[in-house]
file my_file-v6.csv (CSV, C-alpha atoms)
chain,number,residue,atom,x,y,z
A,134,MET,CA,114.3,97.7,118.9
A,135,THR,CA,110.5,97.3,118.3
A,136,THR,CA,109.2,95.3,115.4
A,137,LEU,CA,108.6,98.5,113.4
A,138,GLU,CA,112.0,100.0,114.2
A,139,LYS,CA,113.7,96.8,113.1
A,140,PHE,CA,111.7,96.7,109.9
A,141,VAL,CA,112.5,100.4,109.1
A,142,ASP,CA,116.1,99.9,110.0
A,143,TYR,CA,116.5,97.1,107.4
A,144,SER,CA,114.8,99.2,104.7
A,145,ASN,CA,117.2,102.1,105.5
A,146,ARG,CA,120.3,99.8,105.4
A,147,LEU,CA,119.0,98.4,102.1
A,148,ARG,CA,118.7,101.9,100.6
A,149,ASP,CA,122.2,102.9,101.8
A,150,SER,CA,123.7,99.7,100.4
A,151,LEU,CA,122.2,100.3,97.0
A,152,ALA,CA,123.1,104.0,97.0
A,153,LEU,CA,126.8,102.9,96.9
A,154,ARG,CA,126.4,101.2,93.5
A,155,ASP,CA,126.6,103.3,90.4
A,156,GLU,CA,124.6,100.9,88.3
A,157,VAL,CA,121.5,101.3,90.6
A,158,LEU,CA,118.9,103.9,89.5
A,159,GLY,CA,116.3,103.4,92.1
A,160,LEU,CA,114.8,101.5,95.1
A,161,VAL,CA,111.0,101.2,95.4
A,162,LEU,CA,109.4,99.8,98.5
A,163,VAL,CA,106.0,98.2,97.8
A,164,GLY,CA,103.1,96.8,99.8
A,165,SER,CA,103.4,96.9,103.6
A,166,THR,CA,107.1,97.8,103.2
A,167,ALA,CA,105.8,101.2,101.9
A,168,ASP,CA,102.7,101.4,104.0
A,169,LEU,CA,104.2,101.1,107.5
A,170,ALA,CA,100.8,101.2,109.2
A,171,ARG,CA,100.4,97.6,108.1
A,172,VAL,CA,103.8,96.3,109.5
A,173,ASP,CA,103.7,93.6,112.1
A,174,GLU,CA,106.0,90.7,113.0
A,175,TRP,CA,104.8,88.7,110.0
A,176,SER,CA,105.5,91.3,107.4
A,177,ASP,CA,108.0,90.6,104.6
A,178,HIS,CA,110.2,93.2,102.9
A,179,ASP,CA,108.8,93.7,99.4
A,180,PHE,CA,110.7,96.0,97.0
A,181,TYR,CA,111.9,96.7,93.4
A,182,VAL,CA,115.4,97.6,92.5
A,183,VAL,CA,115.9,99.4,89.2
A,184,THR,CA,119.3,99.3,87.5
A,185,LYS,CA,120.9,100.7,84.4
A,186,ASP,CA,120.2,98.5,81.4
A,187,GLY,CA,122.3,95.4,81.3
A,188,HIS,CA,123.0,95.2,85.1
A,189,ALA,CA,119.9,93.6,86.6
A,190,GLU,CA,120.8,90.0,86.0
A,191,SER,CA,124.2,90.3,87.7
A,192,MET,CA,122.4,91.7,90.7
A,193,ARG,CA,119.9,88.9,90.7
A,194,GLN,CA,122.8,86.4,90.7
A,195,ASP,CA,125.1,88.2,93.2
A,196,LEU,CA,123.3,89.3,96.3
A,197,SER,CA,126.2,90.9,98.0
A,198,TRP,CA,124.3,94.2,98.0
A,199,LEU,CA,121.7,92.8,100.5
A,200,PRO,CA,122.2,93.7,104.2
A,201,ASP,CA,123.2,90.8,106.4
A,202,GLN,CA,124.0,88.6,103.3
A,203,ASP,CA,126.0,86.2,105.5
A,204,SER,CA,122.8,85.2,107.2
A,205,ILE,CA,120.9,84.2,104.1
A,206,VAL,CA,119.8,80.5,104.2
A,207,MET,CA,117.5,80.4,101.1
A,208,ARG,CA,117.4,82.4,97.9
A,209,PRO,CA,115.1,80.7,95.3
A,210,ARG,CA,114.6,82.4,91.9
A,211,GLU,CA,110.8,82.6,91.5
A,212,THR,CA,110.4,84.6,88.2
A,213,ALA,CA,112.5,86.1,85.5
A,214,HIS,CA,113.0,89.2,87.6
A,215,GLY,CA,112.1,88.1,91.1
A,216,LEU,CA,113.6,86.3,94.1
A,217,LYS,CA,112.6,85.3,97.5
A,218,VAL,CA,115.3,85.5,100.2
A,219,VAL,CA,115.1,83.9,103.7
A,220,TYR,CA,117.4,84.8,106.6
A,221,GLU,CA,118.5,82.7,109.6
A,222,ASP,CA,115.8,84.4,111.7
A,223,ALA,CA,113.2,83.4,109.1
A,224,SER,CA,112.6,87.0,108.0
A,225,VAL,CA,111.7,87.1,104.3
A,226,LEU,CA,112.4,89.3,101.4
A,227,GLU,CA,110.3,89.3,98.1
A,228,PHE,CA,111.8,91.5,95.5
A,229,ALA,CA,112.4,92.0,91.8
A,230,VAL,CA,115.4,93.6,90.1
A,231,PHE,CA,114.6,95.3,86.8
A,232,ASP,CA,116.7,96.8,84.1
A,233,ASP,CA,115.6,100.3,83.5
A,234,HIS,CA,113.5,99.4,80.4
A,235,GLU,CA,111.8,96.5,82.3
A,236,LEU,CA,110.3,98.5,85.1
A,237,ASP,CA,107.1,99.1,83.2
A,238,GLN,CA,106.3,95.4,83.5
A,239,ALA,CA,105.8,95.9,87.3
A,240,GLY,CA,102.5,96.5,89.1
A,241,ALA,CA,101.9,98.3,92.4
A,242,ASN,CA,99.4,99.8,94.7
A,243,ALA,CA,101.2,101.1,97.9
A,244,TYR,CA,104.7,102.2,97.1
A,245,ASN,CA,107.5,104.5,98.3
A,246,VAL,CA,110.5,105.5,96.2
A,247,THR,CA,113.4,105.9,98.6
A,248,LEU,CA,116.2,106.1,96.0
A,249,ASP,CA,115.7,107.8,92.7
A,250,ARG,CA,118.5,108.7,90.3
A,251,SER,CA,116.3,108.8,87.2
A,252,ASN,CA,112.6,109.3,86.7
A,253,ILE,CA,111.5,106.4,88.9
A,254,THR,CA,109.1,108.4,91.0
A,255,GLU,CA,107.2,109.6,88.0
A,256,ARG,CA,107.1,106.2,86.4
A,257,MET,CA,105.9,104.5,89.5
A,258,ALA,CA,103.0,106.9,89.7
A,259,ALA,CA,102.0,105.9,86.2
A,260,ILE,CA,102.4,102.2,87.1
A,261,ALA,CA,100.2,102.5,90.2
A,262,GLU,CA,97.5,104.3,88.2
A,263,ARG,CA,97.7,101.6,85.5
A,264,SER,CA,97.5,98.8,88.2
A,265,LYS,CA,94.1,100.0,89.4
A,266,PRO,CA,91.3,97.5,88.7
A,267,LYS,CA,89.7,97.8,85.3
A,268,GLY,CA,85.9,98.0,84.8
A,269,TYR,CA,84.0,95.3,86.7
A,270,ASP,CA,81.8,93.2,84.4
A,271,PHE,CA,79.6,91.5,87.0
A,272,ASP,CA,77.5,89.4,84.5
A,273,THR,CA,80.7,87.8,83.1
A,274,GLU,CA,82.2,87.3,86.6
A,275,PHE,CA,79.0,85.7,87.8
A,276,GLU,CA,78.8,83.3,84.9
A,277,VAL,CA,82.4,82.3,85.2
A,278,PHE,CA,81.8,81.7,88.9
A,279,LEU,CA,79.0,79.3,88.1
A,280,GLY,CA,80.9,77.7,85.3
A,281,GLN,CA,83.9,77.0,87.5
A,282,MET,CA,81.5,75.7,90.2
A,283,LEU,CA,80.1,73.2,87.7
A,284,ILE,CA,83.6,72.0,86.7
A,285,GLY,CA,84.9,71.8,90.2
A,286,ILE,CA,82.0,69.9,91.7
A,287,GLY,CA,82.0,67.6,88.7
A,288,ARG,CA,85.6,66.7,89.3
A,289,ALA,CA,84.8,66.1,92.9
A,290,ARG,CA,82.2,63.6,92.0
A,291,ARG,CA,84.6,62.0,89.6
A,292,GLY,CA,86.9,61.5,92.6
A,293,GLU,CA,89.4,64.3,91.7
A,294,THR,CA,89.2,66.0,95.1
A,295,LEU,CA,92.4,67.9,94.9
A,296,ILE,CA,91.7,69.7,91.7
A,297,ALA,CA,88.1,70.1,92.7
A,298,GLY,CA,89.3,71.9,95.9
A,299,GLN,CA,91.4,74.2,93.8
A,300,PHE,CA,88.4,75.2,91.7
A,301,ILE,CA,86.1,75.8,94.7
A,302,ARG,CA,88.5,77.2,97.3
A,303,SER,CA,90.5,79.3,94.9
A,304,TYR,CA,88.9,80.1,91.6
A,305,CYS,CA,85.3,80.3,92.7
A,306,LEU,CA,86.2,81.9,96.0
A,307,ASN,CA,88.2,84.6,94.2
A,308,ARG,CA,85.1,85.7,92.3
A,309,ALA,CA,82.8,85.3,95.3
A,310,LEU,CA,85.1,87.7,97.3
A,311,GLY,CA,84.8,90.1,94.4
A,312,PHE,CA,81.0,90.0,94.7
A,313,MET,CA,81.2,90.6,98.5
A,314,ARG,CA,83.4,93.6,98.1
A,315,ALA,CA,81.1,95.0,95.4
A,316,TRP,CA,77.9,94.4,97.5
A,317,VAL,CA,78.9,95.0,101.1
A,318,LYS,CA,80.6,98.1,102.7
A,319,PRO,CA,83.7,97.2,104.6
A,320,LEU,CA,84.0,97.8,108.4
A,321,ALA,CA,84.2,101.6,109.0
A,322,GLY,CA,87.8,102.8,109.0
A,323,THR,CA,89.2,99.8,107.1
A,324,GLU,CA,88.7,101.1,103.6
A,325,PRO,CA,92.5,101.9,103.2
A,326,LYS,CA,93.3,98.2,103.9
A,327,GLU,CA,91.9,97.0,100.6
A,328,ASP,CA,94.5,95.5,98.2
A,329,ASN,CA,93.3,96.3,94.7
A,330,LEU,CA,95.6,93.7,93.3
A,331,ASP,CA,94.4,90.7,95.5
A,332,ARG,CA,90.8,90.2,96.7
A,333,PHE,CA,91.9,87.8,99.4
A,334,ARG,CA,94.3,90.2,101.2
A,335,ARG,CA,93.0,91.5,104.5
A,336,PHE,CA,89.4,90.5,103.7
A,337,GLU,CA,88.9,89.4,107.3
A,338,GLN,CA,89.9,92.8,108.6
A,339,GLN,CA,87.4,94.5,106.4
A,340,TYR,CA,84.6,92.0,106.6
A,341,PRO,CA,85.1,90.1,109.9
A,342,GLU,CA,81.7,88.4,110.0
A,343,LEU,CA,81.8,87.3,106.4
A,344,GLY,CA,85.4,86.2,106.8
A,345,THR,CA,84.5,83.9,109.7
A,346,GLU,CA,81.6,82.5,107.7
A,347,ILE,CA,83.6,81.9,104.6
A,348,GLU,CA,86.5,80.2,106.6
A,349,ALA,CA,83.9,77.8,108.1
A,350,ILE,CA,82.6,77.0,104.6
A,351,LEU,CA,86.1,76.3,103.4
A,352,GLN,CA,86.7,73.8,106.2
A,353,GLN,CA,83.9,71.5,104.8
A,354,PRO,CA,84.4,68.7,102.3
A,355,VAL,CA,84.7,70.2,98.8
A,356,GLU,CA,81.1,69.6,97.5
A,357,ALA,CA,79.6,71.0,100.7
A,358,ALA,CA,81.9,73.9,100.5
A,359,GLY,CA,80.8,74.6,96.9
A,360,LYS,CA,77.1,74.3,97.8
A,361,HIS,CA,77.4,76.6,100.8
A,362,LEU,CA,79.5,79.1,98.9
A,363,VAL,CA,76.7,79.4,96.3
A,364,ASP,CA,74.2,79.8,99.0
A,365,LEU,CA,76.2,82.6,100.6
A,366,VAL,CA,76.6,84.4,97.3
A,367,VAL,CA,72.8,84.2,96.7
A,368,ARG,CA,72.0,85.4,100.3
A,369,VAL,CA,74.5,88.3,100.3
A,370,GLY,CA,73.5,89.2,96.7
A,371,HIS,CA,69.8,89.6,97.6
A,372,GLY,CA,68.7,92.8,95.9
A,373,HIS,CA,71.6,92.7,93.5
A,374,LEU,CA,70.9,89.4,91.7
A,375,THR,CA,68.3,89.6,88.9
A,376,ASP,CA,65.8,86.8,88.0
A,377,ASN,CA,68.2,85.8,85.2
A,378,HIS,CA,71.1,85.4,87.6
A,379,LEU,CA,68.9,83.3,89.9
A,380,SER,CA,67.8,81.1,87.0
A,381,GLN,CA,71.5,80.5,86.2
A,382,VAL,CA,72.0,79.5,89.8
A,383,HIS,CA,69.1,77.1,89.5
A,384,VAL,CA,70.8,75.3,86.6
A,385,VAL,CA,73.8,74.6,88.9
A,386,ARG,CA,71.8,73.6,91.9
A,387,GLU,CA,69.6,71.3,89.8
A,388,ARG,CA,72.6,69.6,88.2
A,389,PHE,CA,73.9,68.5,91.5
A,390,GLY,CA,70.6,67.9,93.3
A,391,TRP,CA,71.1,70.9,95.6
A,392,ILE,CA,67.4,71.9,95.2
call {"tool": "encode", "arguments": {"input": "my_file-v6.csv", "output": "structure tokens"}}
result
Amino acid sequence: MTTLEKFVDYSNRLRDSLALRDEVLGLVLVGSTADLARVDEWSDHDFYVVTKDGHAESMRQDLSWLPDQDSIVMRPRETAHGLKVVYEDASVLEFAVFDDHELDQAGANAYNVTLDRSNITERMAAIAERSKPKGYDFDTEFEVFLGQMLIGIGRARRGETLIAGQFIRSYCLNRALGFMRAWVKPLAGTEPKEDNLDRFRRFEQQYPELGTEIEAILQQPVEAAGKHLVDLVVRVGHGHLTDNHLSQVHVVRERFGWI
């Protein structure tokens, strides 16, 4: 079987296994498991199982409902509802099992309800709508970006390079990617690839040149990475940043002698 055929076959066997259980109300495939155009050899199976109230925990504990359960080598419990399962061939599942009343705690963008014994389809539509990004307050995002830059580089100069790297390469980068997405049009035809729940996902596919430049910045020592990330934001933001924004940038640059 091809990679896609094998992937779909597992999803079908999962649905058929769950359909045999009276306590199961629904199966929702999410992410690339729902959007098959994104499936490749590195894709995980992501899904939600919905049960009648009071049955979810037993299904989190007893995984006999999963296909090929004898080949499971790891099954860490990651959250109150979710597990990660790894098979002998290193294929991965990431899933959550919800009691019926817990489903509204979920989030989703791409999804496909393949088993529905209740009103799962209707509720998932509402969940996906609710999961869309809220209004974007650029001024606040920009000020938080600069504030986190000050903290991160300050910790680097104190010698705390690990936590400094987390600030620059994660917190600050997350906001910088939001700026790029707001200012720059993605590569034509890649618009559907955007993940509205995670700015990092598939960024390189939508913005290949920026992705290459950002990756090169991240390979630098943490202070250099921070400085060049600020420089990139200012350059790409030309025409979008006001004099007030640039004066705020100047405060950061002056603090660290980046003038």
call {"tool": "residues_around", "arguments": {"input": "my_file-v6.csv", "residues": "range 276-291 of chain A", "least_positions_apart": "4", "cutoff": "6 Å", "atoms": "only C-alpha atoms", "output": "PyMOL selection string"}}
result
chain A and resi 297+300+305+356
call {"tool": "residues_around", "arguments": {"input": "my_file-v6.csv", "residues": "Ala223 in chain A", "least_positions_apart": "3", "cutoff": "9 Å", "atoms": "all atoms listed in the file", "output": "short mmCIF file (atom, residue, chain, number, x, y, z; two decimals) with C-alpha atoms, in the coordinates of the input"}}
result
data_model
loop_
_atom_site.label_atom_id
_atom_site.label_comp_id
_atom_site.auth_asym_id
_atom_site.auth_seq_id
_atom_site.Cartn_x
_atom_site.Cartn_y
_atom_site.Cartn_z
CA VAL A 206 119.80 80.50 104.20
CA VAL A 219 115.10 83.90 103.70
CA TYR A 220 117.40 84.80 106.60
#
call {"tool": "atom_distance", "arguments": {"input": "my_file-v6.csv", "atom1": "CA of Leu310 in chain A", "atom2": "CA of Arg332 in chain A"}}
result
6.3 Å
call {"tool": "atom_distance", "arguments": {"input": "my_file-v6.csv", "atom1": "CA of Asn145 in chain A", "atom2": "CA of Gln338 in chain A"}}
result
29.0 Å
call {"tool": "closest_residue", "arguments": {"input": "my_file-v6.csv", "among": "A:Pro319, A:Gly268, A:Gly164, A:Gly344", "to": "Asn242 in chain A", "atoms": "only C-alpha atoms"}}
result
A:Gly164
call {"tool": "residues_near_point", "arguments": {"input": "my_file-v6.csv", "point": "(88.1, 97.9, 107.4)", "cutoff": "10 Å", "atoms": "all atoms listed in the file", "output": "ChimeraX atom specification"}}
result
/A:318-327,335-341
call {"tool": "atom_distance", "arguments": {"input": "my_file-v6.csv", "atom1": "CA of Gly359 in chain A", "atom2": "CA of Asp270 in chain A"}}
result
22.4 Å
call {"tool": "residues_around", "arguments": {"input": "my_file-v6.csv", "residues": "Glu262 in chain A", "least_positions_apart": "5", "cutoff": "10 Å", "atoms": "all atoms listed in the file", "output": "PyMOL selection string"}}
result
chain A and resi 240-242+256-257
call {"tool": "write_last_selection", "arguments": {"input": "my_file-v6.csv", "atoms": "C-alpha atoms", "output": "PDB file, keeping the file's coordinate frame"}}
result
ATOM      1  CA  GLY A 240     102.500  96.500  89.100  1.00  0.00           C
ATOM      2  CA  ALA A 241     101.900  98.300  92.400  1.00  0.00           C
ATOM      3  CA  ASN A 242      99.400  99.800  94.700  1.00  0.00           C
ATOM      4  CA  ARG A 256     107.100 106.200  86.400  1.00  0.00           C
ATOM      5  CA  MET A 257     105.900 104.500  89.500  1.00  0.00           C
TER       6      MET A 257
END
call {"tool": "residues_around", "arguments": {"input": "my_file-v6.csv", "residues": "range 368-370 of chain A", "least_positions_apart": "4", "cutoff": "10 Å", "atoms": "only C-alpha atoms", "output": "PyMOL selection string"}}
result
chain A and resi 312-313+315-317+343+362-364+374-375
call {"tool": "closest_residue", "arguments": {"input": "my_file-v6.csv", "among": "A:Arg146, A:His234, A:Arg250, A:Arg334", "to": "Gln202 in chain A", "atoms": "all atoms listed in the file"}}
result
A:Arg146
call {"tool": "residues_around", "arguments": {"input": "my_file-v6.csv", "residues": "Lys185 in chain A", "least_positions_apart": "5", "cutoff": "9 Å", "atoms": "only C-alpha atoms", "output": "ChimeraX atom specification"}}
result
/A:155-158,231-234
call {"tool": "residues_near_point", "arguments": {"input": "my_file-v6.csv", "point": "(105.6, 105.8, 103.3)", "cutoff": "10 Å", "atoms": "only C-alpha atoms", "output": "ChimeraX atom specification"}}
result
/A:162-170,243-247
call {"tool": "closest_residue", "arguments": {"input": "my_file-v6.csv", "among": "A:Glu346, A:Val172, A:Glu293, A:Met192", "to": "Thr135 in chain A", "atoms": "all atoms listed in the file"}}
result
A:Val172
call {"tool": "closest_residue", "arguments": {"input": "my_file-v6.csv", "among": "A:Gly372, A:Phe180, A:Ile350, A:Pro266", "to": "Val225 in chain A", "atoms": "all atoms listed in the file"}}
result
A:Phe180
call {"tool": "closest_residue", "arguments": {"input": "my_file-v6.csv", "among": "A:Pro209, A:Leu153, A:Arg148, A:Asp201", "to": "Val182 in chain A", "atoms": "only C-alpha atoms"}}
result
A:Arg148
call {"tool": "decode", "arguments": {"input": "my_file-v6.csv", "residues": "range 286-315 of chain A", "atoms": "N, CA and C atoms", "output": "compact mmCIF listing (two decimals), in the first residue's frame"}}
result
# COMPACT_ATOMS: atom_id res chain seq x y z
N ILE A 286 17.16 38.69 26.29
CA ILE A 286 18.56 39.08 26.11
C ILE A 286 19.19 39.43 27.46
N GLY A 287 18.41 40.01 28.35
CA GLY A 287 18.93 40.27 29.69
C GLY A 287 19.36 38.99 30.38
N ARG A 288 18.58 37.95 30.23
CA ARG A 288 18.96 36.66 30.85
C ARG A 288 20.17 36.05 30.15
N ALA A 289 20.29 36.27 28.86
CA ALA A 289 21.48 35.79 28.16
C ALA A 289 22.73 36.46 28.71
N ARG A 290 22.64 37.75 28.92
CA ARG A 290 23.80 38.48 29.44
C ARG A 290 24.10 38.12 30.89
N ARG A 291 23.11 37.61 31.58
CA ARG A 291 23.31 37.13 32.94
C ARG A 291 23.95 35.74 32.94
N GLY A 292 23.97 35.12 31.79
CA GLY A 292 24.55 33.78 31.67
C GLY A 292 23.52 32.67 31.64
N GLU A 293 22.21 33.02 31.65
CA GLU A 293 21.15 32.02 31.61
C GLU A 293 20.74 31.77 30.15
N THR A 294 21.62 31.09 29.42
CA THR A 294 21.42 30.98 27.98
C THR A 294 20.26 30.06 27.60
N LEU A 295 19.96 29.07 28.41
CA LEU A 295 18.87 28.16 28.06
C LEU A 295 17.53 28.86 28.11
N ILE A 296 17.24 29.54 29.20
CA ILE A 296 15.96 30.25 29.30
C ILE A 296 15.93 31.43 28.34
N ALA A 297 17.08 32.05 28.09
CA ALA A 297 17.14 33.13 27.11
C ALA A 297 16.76 32.61 25.73
N GLY A 298 17.28 31.43 25.39
CA GLY A 298 16.94 30.83 24.10
C GLY A 298 15.46 30.54 23.98
N GLN A 299 14.83 30.12 25.09
CA GLN A 299 13.40 29.89 25.06
C GLN A 299 12.65 31.18 24.76
N PHE A 300 13.06 32.26 25.37
CA PHE A 300 12.40 33.55 25.11
C PHE A 300 12.56 33.96 23.65
N ILE A 301 13.77 33.92 23.13
CA ILE A 301 14.03 34.46 21.80
C ILE A 301 13.51 33.52 20.72
N ARG A 302 13.80 32.22 20.84
CA ARG A 302 13.49 31.28 19.77
C ARG A 302 12.08 30.71 19.84
N SER A 303 11.38 31.00 20.94
CA SER A 303 10.02 30.51 21.07
C SER A 303 9.04 31.67 21.26
N TYR A 304 9.12 32.35 22.39
CA TYR A 304 8.14 33.39 22.69
C TYR A 304 8.21 34.55 21.68
N CYS A 305 9.41 35.11 21.50
CA CYS A 305 9.55 36.23 20.56
C CYS A 305 9.29 35.78 19.13
N LEU A 306 9.79 34.61 18.77
CA LEU A 306 9.58 34.12 17.41
C LEU A 306 8.10 33.91 17.13
N ASN A 307 7.35 33.42 18.10
CA ASN A 307 5.92 33.20 17.90
C ASN A 307 5.23 34.50 17.47
N ARG A 308 5.57 35.60 18.14
CA ARG A 308 4.96 36.87 17.77
C ARG A 308 5.50 37.39 16.45
N ALA A 309 6.78 37.20 16.20
CA ALA A 309 7.34 37.64 14.93
C ALA A 309 6.67 36.91 13.76
N LEU A 310 6.39 35.64 13.91
CA LEU A 310 5.71 34.90 12.85
C LEU A 310 4.30 35.46 12.62
N GLY A 311 3.66 35.88 13.71
CA GLY A 311 2.35 36.51 13.56
C GLY A 311 2.44 37.80 12.76
N PHE A 312 3.51 38.59 13.00
CA PHE A 312 3.69 39.81 12.22
C PHE A 312 3.87 39.49 10.74
N MET A 313 4.73 38.50 10.47
CA MET A 313 5.01 38.13 9.07
C MET A 313 3.72 37.71 8.36
N ARG A 314 2.94 36.91 9.05
CA ARG A 314 1.69 36.42 8.43
C ARG A 314 0.72 37.58 8.18
N ALA A 315 0.75 38.60 9.04
CA ALA A 315 -0.15 39.74 8.87
C ALA A 315 0.33 40.67 7.76
